Amino acid sequence: MKMSLRTQLLLIFTTVIVLIIGAVSLVTVALTNDHFDKYVTQRNSTTLVTIRQQIALSYVNNHDQWQAKQLREIRNTGYRAGVLVTIYAPDGRILMRPTAKQQQSVSTGFDRKHTESIRIQGKVVANAVFSGYDPLGYGRHDVEYVSELKTSLITIAVITFMVTIVIAWWLAGRLTAPIKRVVAFTDKVATGNYQQPLPANTRITEIITLLESVNALSGQLNRQQETREQLSSDIAHELRTPLTMLQGTLEAMIDGVWEISTERLQNMDEEVIRLTHLIKNIELIASIETDADQLHKARFDIGAMVDAVTQNFQAKLEAKQQRITVATRKIMMYGDEEKLRQVLLNLLTNASKFSDFGATIQVRLMQESANAVIQVIDSGIGIDAKELVHIFDHFYMADPARSSRNGGQGIGLAMVKTIVAAHGGAVKVDSQLMKGSTFTVKLPIQGGDDHR
């Protein structure tokens, strides 16, 4: 049977409360009975001894005679202690008996009577009968006291139970409230509604961790949704122009407007090849976008990584007689080394592609506070200021004609931005036409947002 978390918590709290109150009540009653039994037994024994001594002293102090006044005092002493005392002479005569009023008020339902002989120097001078009294039991006042005590314990237990149930209900609500907010939030996320992150309005560590995980999941889904939408828009834009041109050429040939020639067919074939290459690049960037959040992080020396990538890249610079200068230092960071190699390699490729013969490319690695900063500086053609805002967009090329001649498709810098963002870092570019460009990558040494 399904139950809400609040109901389950309330049942657990109720069970624990009942067990605790029940155990405490049983222990309290048991200890009270034990101690009160000992008290009653001791008190009754003391009362019995006191009355016996009073009877004996009364006889001795009156020269072995009984005086009615003293016997009445003994009777009243017993009455005040809840005991009815009847004194008989050795021959059976009644020397003193309780009054009718005393017998009625002291009677507790006990049928037991206790008789003791009063001896002086071994001689029996009287026999005392104690009634309304049990040396091992309770008198009227004792029974009333124990009854009131148990009633008080029951009342306290019931009140405590009710108060703790109310507290348990409130506490269960406090514990489940943030979880209900998480459930409502995830329901909206499931329908594609990626709203603002949930605030952590609680001090419970586990629930704060849950809220952080849900917010991270929502953010990741939101980024993936934005990526899909951006990719769909970019892909549609990139495919629309060549397909329109191919369709127009074919229709012109079919209608006889254009003659079918080898040159036109070769141009169409080249356009199809370009489209095929574009689709492969689309698949590549989609794969990069999908895997960007799946970082395989570890601690590594980013300075050693920069040295290795630049050394391996030297061979690609020989064709244009370019050279590279490197200034690095040892910086241990936490990140995906392989993907950061791709970032640097793309920046170096971009710098070489748009730099002239004999140009020098500079690579610098610095540490600023808790960040590792990589700069790739070239003296190439630069980028127009109005195009800088789009330079990291998918398929965007600042100089389409020159990019096409160099085999560019406009995905390298988009990949750089995606990988750097997945590490919690940022990338920017400063550029001037015909003076060159400086790409700066800033990466948190401890990993930033840990997308795993």
# chains A, B, ... in the order shown; residues from 1 in each chain; ligands from 1

call {"tool": "select_by_dssp", "arguments": {"residues": "segment 127-270 of chain A", "states": "helix (DSSP H, G or I)", "output": "ChimeraX atom specification"}}
result
/A:140-190,205-254,262-270

call {"tool": "write_last_selection", "arguments": {"atoms": "C-alpha atoms", "output": "short mmCIF file (atom, residue, chain, number, x, y, z; two decimals), in the first residue's frame"}}
result
data_model
loop_
_atom_site.label_atom_id
_atom_site.label_comp_id
_atom_site.auth_asym_id
_atom_site.auth_seq_id
_atom_site.Cartn_x
_atom_site.Cartn_y
_atom_site.Cartn_z
CA ARG A 140 -7.30 3.51 52.76
CA HIS A 141 -5.05 6.53 52.30
CA ASP A 142 -2.40 4.37 50.64
CA VAL A 143 -4.90 2.98 48.14
CA GLU A 144 -6.16 6.47 47.36
CA TYR A 145 -2.60 7.77 46.93
CA VAL A 146 -1.60 4.95 44.57
CA SER A 147 -4.83 5.37 42.58
CA GLU A 148 -4.27 9.11 42.21
CA LEU A 149 -0.64 8.54 41.25
CA LYS A 150 -1.58 6.10 38.48
CA THR A 151 -4.30 8.46 37.25
CA SER A 152 -1.75 11.28 37.11
CA LEU A 153 0.71 9.09 35.21
CA ILE A 154 -1.96 8.12 32.68
CA THR A 155 -2.98 11.76 32.26
CA ILE A 156 0.62 12.85 31.75
CA ALA A 157 1.19 10.01 29.26
CA VAL A 158 -1.91 10.95 27.24
CA ILE A 159 -1.02 14.66 27.20
CA THR A 160 2.59 13.87 26.27
CA PHE A 161 1.40 11.57 23.50
CA MET A 162 -0.94 14.19 22.06
CA VAL A 163 1.68 16.95 22.24
CA THR A 164 4.37 14.78 20.65
CA ILE A 165 1.98 13.69 17.87
CA VAL A 166 1.34 17.35 17.03
CA ILE A 167 5.09 18.02 17.08
CA ALA A 168 5.72 14.91 14.96
CA TRP A 169 3.10 16.02 12.42
CA TRP A 170 4.69 19.47 12.21
CA LEU A 171 8.21 18.02 11.98
CA ALA A 172 7.17 15.55 9.27
CA GLY A 173 5.70 18.46 7.33
CA ARG A 174 8.92 20.44 7.71
CA LEU A 175 10.97 17.50 6.48
CA THR A 176 8.76 16.71 3.50
CA ALA A 177 8.06 20.30 2.37
CA PRO A 178 11.37 20.72 0.47
CA ILE A 179 11.00 17.24 -1.01
CA LYS A 180 7.52 18.16 -2.26
CA ARG A 181 9.03 21.27 -3.85
CA VAL A 182 11.63 19.08 -5.54
CA VAL A 183 8.90 16.75 -6.84
CA ALA A 184 6.90 19.69 -8.23
CA PHE A 185 10.07 21.12 -9.75
CA THR A 186 11.05 17.83 -11.42
CA ASP A 187 7.51 17.46 -12.80
CA LYS A 188 7.95 20.81 -14.54
CA VAL A 189 11.43 19.84 -15.73
CA ALA A 190 9.99 16.62 -17.19
CA THR A 205 22.49 18.57 4.67
CA GLU A 206 21.00 15.67 2.71
CA ILE A 207 18.11 17.78 1.39
CA ILE A 208 20.50 20.60 0.45
CA THR A 209 22.56 18.03 -1.50
CA LEU A 210 19.37 16.81 -3.20
CA LEU A 211 18.37 20.35 -4.16
CA GLU A 212 21.84 21.04 -5.54
CA SER A 213 21.73 17.82 -7.60
CA VAL A 214 18.27 18.64 -8.97
CA ASN A 215 19.33 22.19 -9.83
CA ALA A 216 22.44 20.86 -11.56
CA LEU A 217 20.32 18.36 -13.51
CA SER A 218 17.89 21.09 -14.52
CA GLY A 219 20.73 23.33 -15.63
CA GLN A 220 22.31 20.54 -17.65
CA LEU A 221 19.00 19.71 -19.35
CA ASN A 222 18.46 23.40 -20.06
CA ARG A 223 21.90 23.68 -21.67
CA GLN A 224 21.25 20.59 -23.76
CA GLN A 225 17.89 21.98 -24.84
CA GLU A 226 19.48 25.28 -25.84
CA THR A 227 22.20 23.37 -27.69
CA ARG A 228 19.64 21.32 -29.63
CA GLU A 229 17.69 24.42 -30.56
CA GLN A 230 20.84 26.27 -31.61
CA LEU A 231 22.10 23.29 -33.61
CA SER A 232 18.74 22.88 -35.33
CA SER A 233 18.74 26.55 -36.31
CA ASP A 234 22.37 26.50 -37.47
CA ILE A 235 21.97 23.26 -39.40
CA ALA A 236 18.87 24.54 -41.17
CA HIS A 237 20.70 27.72 -42.11
CA GLU A 238 23.81 25.92 -43.37
CA LEU A 239 21.87 23.38 -45.45
CA ARG A 240 19.29 25.74 -46.90
CA THR A 241 21.66 27.77 -49.16
CA PRO A 242 23.48 24.92 -50.97
CA LEU A 243 20.29 22.89 -51.36
CA THR A 244 18.50 25.90 -52.82
CA MET A 245 21.35 26.42 -55.27
CA LEU A 246 21.37 22.73 -56.28
CA GLN A 247 17.60 22.77 -56.74
CA GLY A 248 17.78 25.92 -58.88
CA THR A 249 20.53 24.48 -61.09
CA LEU A 250 18.67 21.20 -61.59
CA GLU A 251 15.39 22.95 -62.39
CA ALA A 252 17.17 25.20 -64.91
CA MET A 253 18.66 22.15 -66.60
CA ILE A 254 15.34 20.29 -66.60
CA THR A 262 30.35 18.62 -67.60
CA GLU A 263 31.40 21.82 -65.86
CA ARG A 264 27.96 22.35 -64.31
CA LEU A 265 27.77 18.71 -63.24
CA GLN A 266 31.22 18.97 -61.63
CA ASN A 267 30.14 22.10 -59.79
CA MET A 268 27.07 20.28 -58.50
CA ASP A 269 29.21 17.29 -57.50
CA GLU A 270 31.56 19.60 -55.56
#

call {"tool": "select_by_dssp", "arguments": {"residues": "segment 63-265 of chain A", "states": "strand (DSSP E)", "output": "MDAnalysis selection string"}}
result
chainID A and resid 84:88 94:96 113:120 123:131

call {"tool": "write_last_selection", "arguments": {"atoms": "C-alpha atoms", "output": "short mmCIF file (atom, residue, chain, number, x, y, z; two decimals), in the first residue's frame"}}
result
data_model
loop_
_atom_site.label_atom_id
_atom_site.label_comp_id
_atom_site.auth_asym_id
_atom_site.auth_seq_id
_atom_site.Cartn_x
_atom_site.Cartn_y
_atom_site.Cartn_z
CA LEU A 84 -8.65 0.17 64.47
CA VAL A 85 -7.35 -1.05 67.87
CA THR A 86 -9.33 -3.31 70.22
CA ILE A 87 -7.74 -4.24 73.57
CA TYR A 88 -8.78 -7.34 75.51
CA ILE A 94 -12.93 -5.81 76.35
CA LEU A 95 -10.86 -3.03 77.81
CA MET A 96 -11.24 -0.68 74.84
CA LYS A 113 -7.18 -8.91 61.57
CA HIS A 114 -3.89 -9.01 63.33
CA THR A 115 -3.64 -9.97 67.03
CA GLU A 116 -0.63 -9.47 69.25
CA SER A 117 -0.13 -10.20 72.96
CA ILE A 118 1.20 -7.41 75.14
CA ARG A 119 3.81 -8.90 77.48
CA ILE A 120 5.59 -7.31 80.41
CA LYS A 123 3.53 -11.99 81.49
CA VAL A 124 0.59 -11.37 79.13
CA VAL A 125 -1.20 -8.28 80.38
CA ALA A 126 -3.46 -7.72 77.35
CA ASN A 127 -4.21 -8.79 73.80
CA ALA A 128 -4.43 -6.16 71.05
CA VAL A 129 -6.42 -6.77 67.88
CA PHE A 130 -5.55 -4.53 64.90
CA SER A 131 -8.12 -4.36 62.12
#

call {"tool": "closest_residue", "arguments": {"among": "A:Val83, A:Leu340, A:Val272, A:Leu26", "to": "Lys297 of chain A", "atoms": "only C-alpha atoms"}}
result
A:Leu340

call {"tool": "atom_distance", "arguments": {"atom1": "atom CA of Gly380 of chain A", "atom2": "atom CA of Lys435 of chain A"}}
result
6.2 Å

call {"tool": "closest_residue", "arguments": {"among": "A:Ser58, A:Gln322, A:Asn76, A:Thr328", "to": "Val373 of chain A", "atoms": "only C-alpha atoms"}}
result
A:Thr328

call {"tool": "closest_residue", "arguments": {"among": "A:Ile445, A:Val40, A:Val257, A:Ile324", "to": "His423 of chain A", "atoms": "only C-alpha atoms"}}
result
A:Ile445

call {"tool": "atom_distance", "arguments": {"atom1": "atom CA of Ser352 of chain A", "atom2": "atom CA of Lys320 of chain A"}}
result
8.4 Å

call {"tool": "closest_residue", "arguments": {"among": "A:Val429, A:Ser355, A:Thr14, A:Asp255", "to": "His390 of chain A", "atoms": "only C-alpha atoms"}}
result
A:Val429
